[in-house]
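target.csv (CSV, C-alpha atoms) appears below.
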```csv
chain,number,residue,atom,x,y,z
A,1,MET,CA,-1.4,20.3,-15.8
A,2,PRO,CA,-1.8,21.4,-12.2
A,3,LEU,CA,1.2,22.6,-10.2
A,4,PRO,CA,0.9,19.7,-7.6
A,5,LEU,CA,1.8,17.2,-10.3
A,6,TYR,CA,5.2,18.9,-10.9
A,7,LEU,CA,5.8,19.1,-7.1
A,8,LEU,CA,5.2,15.3,-6.9
A,9,ALA,CA,7.5,14.9,-9.9
A,10,LEU,CA,10.3,16.6,-7.9
A,11,ALA,CA,10.0,14.0,-5.2
A,12,VAL,CA,10.0,11.2,-7.8
A,13,PHE,CA,13.2,12.7,-9.2
A,14,ALA,CA,14.9,12.3,-5.8
A,15,MET,CA,13.6,8.8,-5.5
A,16,GLY,CA,14.6,7.9,-9.0
A,17,THR,CA,18.1,9.1,-8.4
A,18,SER,CA,18.3,7.0,-5.3
A,19,GLU,CA,17.0,3.9,-7.1
A,20,PHE,CA,19.6,4.0,-9.9
A,21,MET,CA,22.6,5.8,-8.2
A,22,LEU,CA,24.2,2.7,-6.7
A,23,ALA,CA,25.5,1.6,-10.2
A,24,GLY,CA,28.2,4.2,-9.9
A,25,LEU,CA,28.9,3.9,-6.2
A,26,LEU,CA,29.1,0.1,-5.5
A,27,PRO,CA,32.9,-0.2,-5.7
A,28,ASP,CA,33.4,2.6,-3.2
A,29,ILE,CA,30.7,1.2,-0.9
A,30,ALA,CA,32.2,-2.3,-1.0
A,31,LEU,CA,35.7,-1.0,-0.2
A,32,ASP,CA,34.5,1.3,2.6
A,33,LEU,CA,32.3,-1.3,4.3
A,34,GLY,CA,34.6,-4.3,3.8
A,35,VAL,CA,32.4,-6.4,1.5
A,36,THR,CA,32.7,-7.7,-2.1
A,37,VAL,CA,31.2,-5.8,-5.0
A,38,GLY,CA,28.9,-8.7,-5.5
A,39,THR,CA,27.6,-8.4,-1.9
A,40,ALA,CA,27.3,-4.7,-2.3
A,41,GLY,CA,25.2,-5.3,-5.4
A,42,SER,CA,22.5,-6.9,-3.2
A,43,LEU,CA,21.6,-3.4,-2.1
A,44,THR,CA,20.1,-2.9,-5.6
A,45,SER,CA,18.1,-6.1,-5.3
A,46,ALA,CA,16.9,-5.2,-1.8
A,47,TYR,CA,15.6,-1.9,-3.1
A,48,ALA,CA,13.7,-3.5,-6.1
A,49,ILE,CA,12.2,-6.2,-4.0
A,50,GLY,CA,11.2,-3.7,-1.3
A,51,MET,CA,9.5,-1.6,-3.9
A,52,LEU,CA,7.7,-4.7,-5.3
A,53,VAL,CA,6.4,-6.1,-2.0
A,54,GLY,CA,6.0,-2.7,-0.3
A,55,ALA,CA,3.8,-1.0,-2.9
A,56,PRO,CA,0.6,-2.9,-2.2
A,57,LEU,CA,1.3,-3.5,1.6
A,58,VAL,CA,2.1,0.1,2.3
A,59,ALA,CA,-0.7,1.5,0.1
A,60,ALA,CA,-3.2,-0.8,1.9
A,61,SER,CA,-2.0,0.5,5.3
A,62,ALA,CA,-2.2,4.2,4.2
A,63,ARG,CA,-5.4,4.0,2.3
A,64,ASP,CA,-7.4,5.7,5.1
A,65,TRP,CA,-4.9,8.5,5.5
A,66,PRO,CA,-5.5,11.9,3.8
A,67,ARG,CA,-3.1,12.1,0.8
A,68,ARG,CA,-1.0,15.1,2.0
A,69,PRO,CA,0.1,13.6,5.3
A,70,ALA,CA,0.6,10.2,3.7
A,71,LEU,CA,2.9,11.7,0.9
A,72,LEU,CA,4.7,13.9,3.5
A,73,GLY,CA,5.3,11.0,5.8
A,74,PHE,CA,6.7,8.7,3.1
A,75,LEU,CA,8.9,11.5,1.8
A,76,LEU,CA,10.3,12.3,5.3
A,77,ALA,CA,10.9,8.6,6.0
A,78,PHE,CA,12.7,8.3,2.7
A,79,ALA,CA,15.0,11.3,3.6
A,80,ALA,CA,15.7,9.9,7.0
A,81,ALA,CA,16.7,6.5,5.6
A,82,HIS,CA,19.3,8.2,3.4
A,83,ALA,CA,20.6,10.3,6.3
A,84,VAL,CA,21.1,7.2,8.4
A,85,GLY,CA,22.5,5.4,5.3
A,86,ALA,CA,25.1,8.1,4.9
A,87,LEU,CA,26.2,7.7,8.6
A,88,SER,CA,26.3,3.9,8.3
A,89,THR,CA,29.5,2.1,9.2
A,90,SER,CA,28.2,-1.4,8.7
A,91,PHE,CA,26.8,-3.1,5.6
A,92,ALA,CA,23.9,-4.6,7.6
A,93,LEU,CA,22.7,-1.1,8.6
A,94,LEU,CA,23.1,0.3,5.1
A,95,PHE,CA,21.2,-2.7,3.8
A,96,PHE,CA,18.4,-2.1,6.3
A,97,THR,CA,18.2,1.6,5.3
A,98,ARG,CA,17.8,0.6,1.6
A,99,VAL,CA,14.8,-1.6,2.5
A,100,VAL,CA,13.3,1.3,4.5
A,101,ALA,CA,13.9,3.7,1.6
A,102,ALA,CA,12.3,1.3,-0.8
A,103,LEU,CA,9.2,0.9,1.3
A,104,ALA,CA,8.9,4.6,1.6
A,105,ASN,CA,9.4,5.1,-2.1
A,106,ALA,CA,6.8,2.4,-2.8
A,107,GLY,CA,4.3,4.0,-0.6
A,108,PHE,CA,4.9,7.5,-1.9
A,109,LEU,CA,4.7,6.4,-5.6
A,110,ALA,CA,1.6,4.3,-5.0
A,111,VAL,CA,-0.2,7.3,-3.4
A,112,ALA,CA,1.3,9.7,-5.9
A,113,LEU,CA,0.1,7.7,-8.9
A,114,THR,CA,-3.4,7.6,-7.5
A,115,ALA,CA,-3.3,11.3,-6.6
A,116,ALA,CA,-2.0,12.2,-10.0
A,117,ALA,CA,-4.9,10.4,-11.7
A,118,THR,CA,-7.5,12.3,-9.5
A,119,LEU,CA,-5.9,15.7,-10.0
A,120,VAL,CA,-7.0,15.7,-13.7
A,121,PRO,CA,-10.0,14.7,-15.7
A,122,PRO,CA,-10.2,10.9,-16.7
A,123,ASP,CA,-9.2,11.6,-20.3
A,124,ARG,CA,-5.9,13.2,-19.1
A,125,LYS,CA,-4.7,10.4,-16.9
A,126,GLY,CA,-1.9,9.3,-19.3
A,127,ARG,CA,-0.6,12.9,-19.6
A,128,ALA,CA,-0.6,13.3,-15.8
A,129,LEU,CA,1.3,10.0,-15.5
A,130,ALA,CA,3.8,11.3,-18.0
A,131,VAL,CA,4.5,14.4,-15.9
A,132,LEU,CA,4.9,12.3,-12.7
A,133,LEU,CA,7.2,9.7,-14.4
A,134,SER,CA,9.3,12.5,-15.9
A,135,GLY,CA,10.9,12.8,-12.5
A,136,THR,CA,12.3,9.3,-13.0
A,137,THR,CA,13.5,10.0,-16.5
A,138,LEU,CA,15.1,13.2,-15.5
A,139,ALA,CA,16.8,11.3,-12.7
A,140,THR,CA,18.5,9.1,-15.3
A,141,ILE,CA,19.6,12.2,-17.2
A,142,ALA,CA,20.9,14.4,-14.4
A,143,GLY,CA,20.5,12.8,-11.0
A,144,VAL,CA,22.3,9.6,-11.6
A,145,PRO,CA,25.3,11.0,-13.5
A,146,GLY,CA,25.5,13.9,-11.0
A,147,GLY,CA,25.4,11.5,-8.1
A,148,ALA,CA,28.2,9.5,-9.6
A,149,VAL,CA,30.4,12.6,-10.0
A,150,LEU,CA,29.6,13.7,-6.5
A,151,GLY,CA,30.4,10.3,-5.1
A,152,ALA,CA,33.7,10.2,-6.9
A,153,GLU,CA,34.7,13.6,-5.6
A,154,ALA,CA,33.3,13.6,-2.1
A,155,GLY,CA,32.6,10.0,-1.3
A,156,TRP,CA,29.5,7.8,-1.6
A,157,GLN,CA,28.0,9.3,1.6
A,158,ALA,CA,27.8,12.7,-0.1
A,159,THR,CA,25.4,11.3,-2.7
A,160,PHE,CA,23.2,9.9,0.0
A,161,TRP,CA,23.2,13.3,1.8
A,162,ALA,CA,22.3,15.0,-1.5
A,163,VAL,CA,19.3,12.8,-2.1
A,164,ALA,CA,18.1,13.5,1.5
A,165,ALA,CA,18.5,17.2,0.8
A,166,LEU,CA,16.4,17.0,-2.4
A,167,CYS,CA,13.5,15.7,-0.3
A,168,LEU,CA,13.2,18.9,1.6
A,169,PRO,CA,11.9,21.2,-1.2
A,170,ALA,CA,9.8,18.4,-2.4
A,171,ALA,CA,8.2,18.1,1.1
A,172,VAL,CA,7.5,21.9,1.1
A,173,GLY,CA,5.9,21.4,-2.3
A,174,VAL,CA,3.7,18.6,-1.0
A,175,LEU,CA,2.6,20.8,1.9
A,176,ALA,CA,1.9,23.7,-0.4
A,177,GLY,CA,0.4,22.0,-3.4
A,178,ILE,CA,-1.6,18.9,-2.2
A,179,PRO,CA,-5.0,19.5,-0.7
A,180,ALA,CA,-5.2,18.6,3.0
A,181,ALA,CA,-8.6,16.9,2.8
A,182,HIS,CA,-9.3,13.3,2.0
A,183,ASP,CA,-9.7,12.4,-1.7
A,184,GLU,CA,-13.0,12.5,-3.4
A,185,HIS,CA,-13.9,8.9,-2.3
A,186,GLY,CA,-13.6,9.9,1.3
A,187,ALA,CA,-14.2,7.7,4.3
A,188,THR,CA,-17.8,6.9,3.3
A,189,GLY,CA,-17.7,6.6,-0.5
A,190,LYS,CA,-14.4,4.6,-0.8
A,191,PRO,CA,-14.7,0.9,-1.7
A,192,ALA,CA,-13.7,-1.6,1.0
A,193,LEU,CA,-10.2,-2.9,0.8
A,194,ARG,CA,-11.5,-6.4,-0.1
A,195,THR,CA,-13.4,-4.9,-3.0
A,196,GLU,CA,-10.2,-3.1,-4.3
A,197,LEU,CA,-8.1,-6.3,-3.9
A,198,ALA,CA,-10.8,-8.2,-5.8
A,199,GLN,CA,-9.9,-6.1,-8.8
A,200,LEU,CA,-6.7,-8.2,-9.1
A,201,ALA,CA,-8.9,-11.1,-10.2
A,202,ARG,CA,-9.9,-9.2,-13.4
A,203,PRO,CA,-8.1,-10.7,-16.3
A,204,ARG,CA,-7.9,-7.4,-18.1
A,205,LEU,CA,-6.0,-5.8,-15.2
A,206,ILE,CA,-3.7,-8.9,-14.9
A,207,LEU,CA,-2.9,-8.7,-18.6
A,208,VAL,CA,-1.8,-5.0,-18.6
A,209,MET,CA,0.2,-5.5,-15.4
A,210,LEU,CA,2.0,-8.5,-16.9
A,211,LEU,CA,2.7,-6.6,-20.1
A,212,GLY,CA,4.0,-3.6,-18.2
A,213,ALA,CA,6.3,-5.9,-16.1
A,214,LEU,CA,7.7,-7.7,-19.2
A,215,VAL,CA,8.4,-4.4,-21.1
A,216,ASN,CA,10.0,-2.9,-18.0
A,217,ALA,CA,12.0,-6.1,-17.5
A,218,GLY,CA,13.5,-5.7,-21.0
A,219,THR,CA,14.2,-2.0,-20.2
A,220,PHE,CA,16.1,-2.7,-17.0
A,221,GLY,CA,17.7,-5.8,-18.3
A,222,GLY,CA,19.3,-3.9,-21.2
A,223,LEU,CA,20.1,-0.7,-19.2
A,224,THR,CA,21.7,-2.4,-16.2
A,225,PHE,CA,24.4,-4.0,-18.4
A,226,LEU,CA,24.9,-1.2,-20.9
A,227,ALA,CA,28.3,-0.2,-19.4
A,228,PRO,CA,30.3,-3.3,-20.7
A,229,VAL,CA,28.7,-2.9,-24.1
A,230,VAL,CA,30.0,0.7,-24.3
A,231,THR,CA,33.5,-0.1,-23.0
A,232,ASP,CA,34.2,-3.7,-24.2
A,233,THR,CA,32.2,-4.0,-27.4
A,234,ALA,CA,32.3,-0.4,-28.7
A,235,GLY,CA,35.8,0.1,-27.2
A,236,LEU,CA,35.0,3.5,-25.7
A,237,GLY,CA,36.4,5.0,-22.6
A,238,GLU,CA,34.7,5.0,-19.2
A,239,LEU,CA,33.5,8.6,-19.7
A,240,TRP,CA,31.3,7.4,-22.6
A,241,VAL,CA,29.3,5.2,-20.1
A,242,SER,CA,27.9,8.3,-18.6
A,243,VAL,CA,27.2,9.7,-22.0
A,244,ALA,CA,25.3,6.6,-23.0
A,245,LEU,CA,23.3,6.7,-19.8
A,246,VAL,CA,22.4,10.4,-20.3
A,247,LEU,CA,21.3,9.6,-23.9
A,248,PHE,CA,19.1,6.7,-22.7
A,249,GLY,CA,17.6,9.1,-20.0
A,250,ALA,CA,17.0,11.8,-22.6
A,251,GLY,CA,15.3,9.4,-24.8
A,252,SER,CA,13.1,8.1,-22.0
A,253,PHE,CA,12.1,11.7,-21.2
A,254,VAL,CA,11.1,12.3,-24.8
A,255,GLY,CA,9.3,8.9,-25.0
A,256,VAL,CA,7.2,9.4,-21.8
A,257,THR,CA,6.4,13.0,-22.8
A,258,VAL,CA,5.2,12.2,-26.3
A,259,ALA,CA,3.3,9.0,-25.2
A,260,GLY,CA,1.7,10.8,-22.4
A,261,ARG,CA,0.0,13.2,-24.8
A,262,LEU,CA,-1.2,10.4,-27.0
A,263,SER,CA,-2.1,7.5,-24.7
A,264,ASP,CA,-5.2,9.0,-23.3
A,265,ARG,CA,-7.0,9.7,-26.6
A,266,ASN,CA,-5.6,6.8,-28.7
A,267,PRO,CA,-3.0,4.5,-27.2
A,268,GLY,CA,-3.3,2.1,-30.1
A,269,PRO,CA,-0.8,3.8,-32.4
A,270,VAL,CA,1.7,4.1,-29.5
A,271,VAL,CA,1.6,0.4,-28.8
A,272,ALA,CA,1.5,-0.5,-32.5
A,273,LEU,CA,4.6,1.6,-33.3
A,274,ALA,CA,6.7,1.4,-30.2
A,275,GLY,CA,6.2,-2.3,-29.6
A,276,PRO,CA,7.6,-3.8,-32.8
A,277,SER,CA,10.2,-1.0,-33.0
A,278,LEU,CA,11.5,-1.8,-29.5
A,279,LEU,CA,11.5,-5.5,-30.4
A,280,VAL,CA,13.8,-4.8,-33.4
A,281,GLY,CA,15.8,-2.2,-31.6
A,282,TRP,CA,17.4,-4.4,-28.9
A,283,PRO,CA,18.9,-6.9,-31.2
A,284,ALA,CA,19.9,-4.2,-33.6
A,285,LEU,CA,21.7,-2.5,-30.8
A,286,ALA,CA,23.6,-5.7,-30.1
A,287,VAL,CA,24.5,-6.2,-33.8
A,288,LEU,CA,25.7,-2.6,-34.2
A,289,ALA,CA,27.2,-2.1,-30.8
A,290,HIS,CA,30.8,-2.2,-32.2
A,291,GLU,CA,30.1,1.0,-34.1
A,292,PRO,CA,29.9,4.0,-31.8
A,293,ALA,CA,28.2,6.1,-34.5
A,294,ALA,CA,25.3,3.6,-34.5
A,295,LEU,CA,25.4,2.6,-30.8
A,296,LEU,CA,24.7,6.0,-29.3
A,297,PRO,CA,21.7,7.0,-31.4
A,298,LEU,CA,20.2,3.5,-30.9
A,299,VAL,CA,20.6,3.9,-27.1
A,300,PHE,CA,18.7,7.2,-27.3
A,301,ALA,CA,16.0,5.5,-29.5
A,302,GLN,CA,15.7,2.5,-27.1
A,303,GLY,CA,15.2,4.8,-24.2
A,304,ALA,CA,12.4,6.7,-26.0
A,305,LEU,CA,10.7,3.5,-27.2
A,306,SER,CA,11.0,1.7,-23.8
A,307,PHE,CA,9.4,4.5,-21.8
A,308,ALA,CA,6.8,5.4,-24.5
A,309,LEU,CA,5.5,1.8,-24.4
A,310,GLY,CA,6.1,1.2,-20.7
A,311,SER,CA,4.3,4.4,-19.6
A,312,THR,CA,1.4,3.7,-21.9
A,313,LEU,CA,1.0,0.2,-20.4
A,314,ILE,CA,1.2,1.6,-16.9
A,315,ALA,CA,-1.5,4.2,-17.8
A,316,ARG,CA,-3.6,1.2,-19.0
A,317,VAL,CA,-3.1,-0.3,-15.5
A,318,LEU,CA,-4.6,2.8,-13.9
A,319,HIS,CA,-7.5,2.8,-16.3
A,320,GLU,CA,-8.2,-0.9,-15.7
A,321,ALA,CA,-7.9,-0.5,-12.0
A,322,ALA,CA,-10.4,2.4,-11.8
A,323,GLY,CA,-12.5,0.2,-9.4
A,324,ALA,CA,-9.6,0.3,-6.9
A,325,PRO,CA,-9.1,4.1,-6.4
A,326,THR,CA,-6.8,3.8,-3.4
A,327,MET,CA,-4.8,0.8,-4.6
A,328,ALA,CA,-4.5,1.4,-8.3
A,329,GLY,CA,-1.2,3.2,-7.9
A,330,SER,CA,0.3,0.3,-5.9
A,331,TYR,CA,-0.7,-2.1,-8.7
A,332,ALA,CA,1.1,0.0,-11.3
A,333,THR,CA,4.1,0.4,-8.9
A,334,ALA,CA,4.2,-3.4,-8.4
A,335,ALA,CA,4.1,-4.0,-12.2
A,336,LEU,CA,7.0,-1.6,-12.7
A,337,ASN,CA,9.2,-3.1,-10.0
A,338,ALA,CA,8.4,-6.7,-10.9
A,339,GLY,CA,10.1,-5.9,-14.2
A,340,ALA,CA,12.9,-4.0,-12.5
A,341,ALA,CA,13.6,-7.0,-10.2
A,342,VAL,CA,13.4,-9.8,-12.8
A,343,GLY,CA,14.9,-8.0,-15.9
A,344,PRO,CA,18.5,-7.6,-14.6
A,345,VAL,CA,18.5,-11.2,-13.3
A,346,ALA,CA,17.3,-12.6,-16.6
A,347,ALA,CA,19.7,-10.4,-18.6
A,348,GLY,CA,22.6,-11.1,-16.3
A,349,ALA,CA,22.2,-14.9,-16.8
A,350,THR,CA,23.3,-14.4,-20.4
A,351,LEU,CA,26.6,-12.9,-19.6
A,352,GLY,CA,28.2,-16.3,-19.3
A,353,THR,CA,27.0,-17.4,-22.7
A,354,GLU,CA,28.8,-17.0,-26.1
A,355,ALA,CA,27.0,-13.7,-26.5
A,356,GLY,CA,29.0,-12.2,-23.7
A,357,PRO,CA,28.3,-8.5,-22.9
A,358,LEU,CA,25.8,-8.4,-25.8
A,359,GLY,CA,23.6,-11.2,-24.1
A,360,PRO,CA,21.6,-8.8,-22.0
A,361,LEU,CA,20.5,-6.8,-25.2
A,362,TYR,CA,19.2,-10.0,-26.8
A,363,ALA,CA,17.5,-10.9,-23.5
A,364,ALA,CA,15.8,-7.5,-23.5
A,365,GLY,CA,14.5,-8.2,-27.0
A,366,LEU,CA,13.2,-11.6,-26.0
A,367,LEU,CA,11.3,-10.1,-23.0
A,368,VAL,CA,9.7,-7.5,-25.3
A,369,GLY,CA,8.9,-10.2,-27.8
A,370,ALA,CA,7.2,-12.2,-25.0
A,371,ALA,CA,5.1,-9.1,-24.2
A,372,LEU,CA,4.0,-8.7,-27.8
A,373,LEU,CA,3.1,-12.4,-28.2
A,374,VAL,CA,1.0,-12.2,-25.1
A,375,ALA,CA,-0.6,-8.9,-26.1
A,376,PHE,CA,-1.4,-9.7,-29.7
A,377,PRO,CA,-4.6,-11.9,-29.1
A,378,PHE,CA,-5.9,-9.2,-26.7
A,379,ARG,CA,-4.7,-6.1,-28.6
A,380,ARG,CA,-8.1,-4.4,-28.3
A,381,VAL,CA,-7.9,-4.7,-24.5
A,382,VAL,CA,-4.3,-3.4,-24.4
A,383,THR,CA,-5.2,-0.3,-26.5
A,384,GLY,CA,-8.4,0.3,-24.7
A,385,ALA,CA,-10.6,-0.3,-27.7
A,386,GLY,CA,-13.9,-2.2,-27.6
A,387,ARG,CA,-14.1,-2.2,-23.8
A,388,GLU,CA,-17.6,-3.7,-23.9
A,389,GLU,CA,-16.9,-6.3,-26.6
A,390,ALA,CA,-13.4,-7.4,-25.6
A,391,ARG,CA,-14.1,-9.3,-22.4
A,392,LEU,CA,-11.5,-11.8,-21.3
```

Would you mind writing the structure in this file as structure tokens?
Amino acid sequence: MPLPLYLLALAVFAMGTSEFMLAGLLPDIALDLGVTVGTAGSLTSAYAIGMLVGAPLVAASARDWPRRPALLGFLLAFAAAHAVGALSTSFALLFFTRVVAALANAGFLAVALTAAATLVPPDRKGRALAVLLSGTTLATIAGVPGGAVLGAEAGWQATFWAVAALCLPAAVGVLAGIPAAHDEHGATGKPALRTELAQLARPRLILVMLLGALVNAGTFGGLTFLAPVVTDTAGLGELWVSVALVLFGAGSFVGVTVAGRLSDRNPGPVVALAGPSLLVGWPALAVLAHEPAALLPLVFAQGALSFALGSTLIARVLHEAAGAPTMAGSYATAALNAGAAVGPVAAGATLGTEAGPLGPLYAAGLLVGAALLVAFPFRRVVTGAGREEARL
């Protein structure tokens, strides 16, 4: 894999840390800015919605820019939003900086996903995507727990400053590693924006985007409410929440790495194995959650399966959106964040049911089950088999 991919992954690490870090900072932010924890929680929703809406809009605006200045501009805007956020003394200003950061993140990721796919041969797109997404998985392993510890010791503002600082070496990496010229489609050979947007009418593309969103909804639905499962159901101390999150992150890193090596050549086995296993795994986690010896290994396994299946489906989005070379990354980003926005809402709605803290785990299983039901009739499309015969 070319060095620029790893430099892009460093930036994705900083952005992934920012996206997830508020889970450990909300009580302090609420206290410091004089709002309720529930109100502070809207910062997470603002970020996810900003990513969802911003990905196609920002990618469309930046499609005529050379990739290096586009990536650098988004990265510096992201860093500036965190610096202003750290200095915020009002919730409204902090909320605004989160929206700006989400838009910058969406733009960066949309361009980076497209750039990653063009830095390697077509038969290595899945592996390139795995390298890029490893930044997100490593953020869940090291960045988010580290940010929580830093916030507890030095205040939530210190975590914002740390994320901004992480962007600086990533910016140097973009300058050093990403070619300055336009991509291979250039100003003359690039399809018109209308042509690229028309790709969204292709049923095959809509299908894989929907499946990616459903699987990611299950992932974020289960992960967001993992803490009460660890403390209330399993009866473990608060420290074990960080342990469980690290295990989930470590599993996600393993899953995206292994799937990235397989999904280009033959994604069928990944989907066939990870899909049903993930479907069984979420309710199994709920049933066995009271046993820590079973809970923790299952958390690792669900992280691996979730990201193995999710990254494979997102790679399929890039393949199916090949006719939209400057917008394909935004379509993949939108699918990811549609799931990230919907999943926690759907899972959170189950907390008031008889299932209690285990409700989100069952909801995650239902979301994965819905994805498999939709995918089954079109399994040849999902796995990339029979591209000529399997026309929707």

- prompt: What does the distance from CA of Val215 (chain A) to CA of Pro360 (chain A) come to in Å, to one decimal?
  reply: 13.9 Å

task: To one decimal in Å, tell me the separation between CA of Tyr331 (chain A) and CA of His319 (chain A).
output: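 Distance reported for this atom pair: 11.3 Å.
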
- prompt: Contacts of Phe300 (chain A) at 10 Å or less, counting all atoms listed in the file, minus same-chain residues fewer than 3 places along, as number ranges by chain?
  reply: A: 244-252, 254-255, 295-297, 303-305

Polymer residues at most 10 Å from region 335-343 of chain A, only C-alpha atoms, same-chain spacing of 4 or more positions, as a PyMOL selection string: chain A and resi 44-53+55+106+206+208-224+310-311+313-314+317+329-331+347-348+360+363-364+367

Residues of the last selection are to be written out with C-alpha atoms, as a tab-separated table (two decimals), keeping the file's coordinate frame.
```tsv
chain	number	residue	atom	x	y	z
A	44	THR	CA	20.10	-2.90	-5.60
A	45	SER	CA	18.10	-6.10	-5.30
A	46	ALA	CA	16.90	-5.20	-1.80
A	47	TYR	CA	15.60	-1.90	-3.10
A	48	ALA	CA	13.70	-3.50	-6.10
A	49	ILE	CA	12.20	-6.20	-4.00
A	50	GLY	CA	11.20	-3.70	-1.30
A	51	MET	CA	9.50	-1.60	-3.90
A	52	LEU	CA	7.70	-4.70	-5.30
A	53	VAL	CA	6.40	-6.10	-2.00
A	55	ALA	CA	3.80	-1.00	-2.90
A	106	ALA	CA	6.80	2.40	-2.80
A	206	ILE	CA	-3.70	-8.90	-14.90
A	208	VAL	CA	-1.80	-5.00	-18.60
A	209	MET	CA	0.20	-5.50	-15.40
A	210	LEU	CA	2.00	-8.50	-16.90
A	211	LEU	CA	2.70	-6.60	-20.10
A	212	GLY	CA	4.00	-3.60	-18.20
A	213	ALA	CA	6.30	-5.90	-16.10
A	214	LEU	CA	7.70	-7.70	-19.20
A	215	VAL	CA	8.40	-4.40	-21.10
A	216	ASN	CA	10.00	-2.90	-18.00
A	217	ALA	CA	12.00	-6.10	-17.50
A	218	GLY	CA	13.50	-5.70	-21.00
A	219	THR	CA	14.20	-2.00	-20.20
A	220	PHE	CA	16.10	-2.70	-17.00
A	221	GLY	CA	17.70	-5.80	-18.30
A	222	GLY	CA	19.30	-3.90	-21.20
A	223	LEU	CA	20.10	-0.70	-19.20
A	224	THR	CA	21.70	-2.40	-16.20
A	310	GLY	CA	6.10	1.20	-20.70
A	311	SER	CA	4.30	4.40	-19.60
A	313	LEU	CA	1.00	0.20	-20.40
A	314	ILE	CA	1.20	1.60	-16.90
A	317	VAL	CA	-3.10	-0.30	-15.50
A	329	GLY	CA	-1.20	3.20	-7.90
A	330	SER	CA	0.30	0.30	-5.90
A	331	TYR	CA	-0.70	-2.10	-8.70
A	347	ALA	CA	19.70	-10.40	-18.60
A	348	GLY	CA	22.60	-11.10	-16.30
A	360	PRO	CA	21.60	-8.80	-22.00
A	363	ALA	CA	17.50	-10.90	-23.50
A	364	ALA	CA	15.80	-7.50	-23.50
A	367	LEU	CA	11.30	-10.10	-23.00
```

Wanna dump the region 20-74 of chain A-region 4-8 of chain A contacts at 12 Å for me, each residue with its shortest atom pair and the distance in Å to one decimal, counting all atoms listed in the file, ordered by chain and number, as JSON lines?
```
{"residue": "A:Arg67", "atom": "CA", "partner": "A:Leu8", "partner_atom": "CA", "distance": 11.8}
{"residue": "A:Arg68", "atom": "CA", "partner": "A:Pro4", "partner_atom": "CA", "distance": 10.8}
{"residue": "A:Leu71", "atom": "CA", "partner": "A:Leu8", "partner_atom": "CA", "distance": 8.9}
{"residue": "A:Leu72", "atom": "CA", "partner": "A:Leu8", "partner_atom": "CA", "distance": 10.5}
```

query: So how many Å separate CA of Phe13 (chain A) and CA of Ala328 (chain A), to one decimal?
result: 21.0 Å

task: Might you pull out every residue within 12 Å of Ala198 (chain A), with only C-alpha atoms counted and same-chain residues fewer than 5 positions away left off, and present them as a list in words?
output: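 Contacts, in chain order: Pro191, Ala192, Leu193, Pro203, Leu205, Ile206, Ala321, Gly323, Ala324, Met327 and Ala328 of chain A.
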
Distance query 7 Å from (30.5, 2.2, 3.5) using all atoms listed in the file, result as a compact mmCIF listing (two decimals) with C-alpha atoms, in the frame of the given file:
```txt
# COMPACT_ATOMS: atom_id res chain seq x y z
CA ILE A 29 30.70 1.20 -0.90
CA ALA A 30 32.20 -2.30 -1.00
CA ASP A 32 34.50 1.30 2.60
CA LEU A 33 32.30 -1.30 4.30
CA SER A 88 26.30 3.90 8.30
CA THR A 89 29.50 2.10 9.20
CA SER A 90 28.20 -1.40 8.70
CA PHE A 91 26.80 -3.10 5.60
```

- prompt: From the list A:Ser18, A:Thr326, A:Asn266, A:Gln302, which residue is nearest Gly147 (chain A) when using only C-alpha atoms?
  reply: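 The closest residue to Gly147 (chain A) is A:Ser18.
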
Minimum-distance residue to Trp161 (chain A), chosen among A:Ala81, A:Ala139, A:Ala40, A:Val131 (using only C-alpha atoms): A:Ala81

- prompt: Using all atoms listed in the file, which residue out of A:Leu3, A:Cys167, A:Ala315, A:Ala11 lies closest to Arg261 (chain A)?
  reply: A:Ala315

Compile the contact shell of Leu361 (chain A) as a PDB file with C-alpha atoms, in the frame of the given file: residues with an atom at most 7 Å away, counting only C-alpha atoms, same-chain residues fewer than 4 positions apart removed.
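Saved to around-v7.pdb:
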```
ATOM      1  CA  GLY A 222      19.300  -3.900 -21.200  1.00  0.00           C
ATOM      2  CA  TRP A 282      17.400  -4.400 -28.900  1.00  0.00           C
ATOM      3  CA  PRO A 283      18.900  -6.900 -31.200  1.00  0.00           C
ATOM      4  CA  ALA A 286      23.600  -5.700 -30.100  1.00  0.00           C
ATOM      5  CA  GLY A 365      14.500  -8.200 -27.000  1.00  0.00           C
TER       6      GLY A 365
END
```

- request: Can you work out which one of A:Phe74, A:Phe225, A:Phe108, A:Trp156 has the shortest atom-to-atom distance to Leu351 (chain A), counting all atoms listed in the file?
  value: A:Phe225
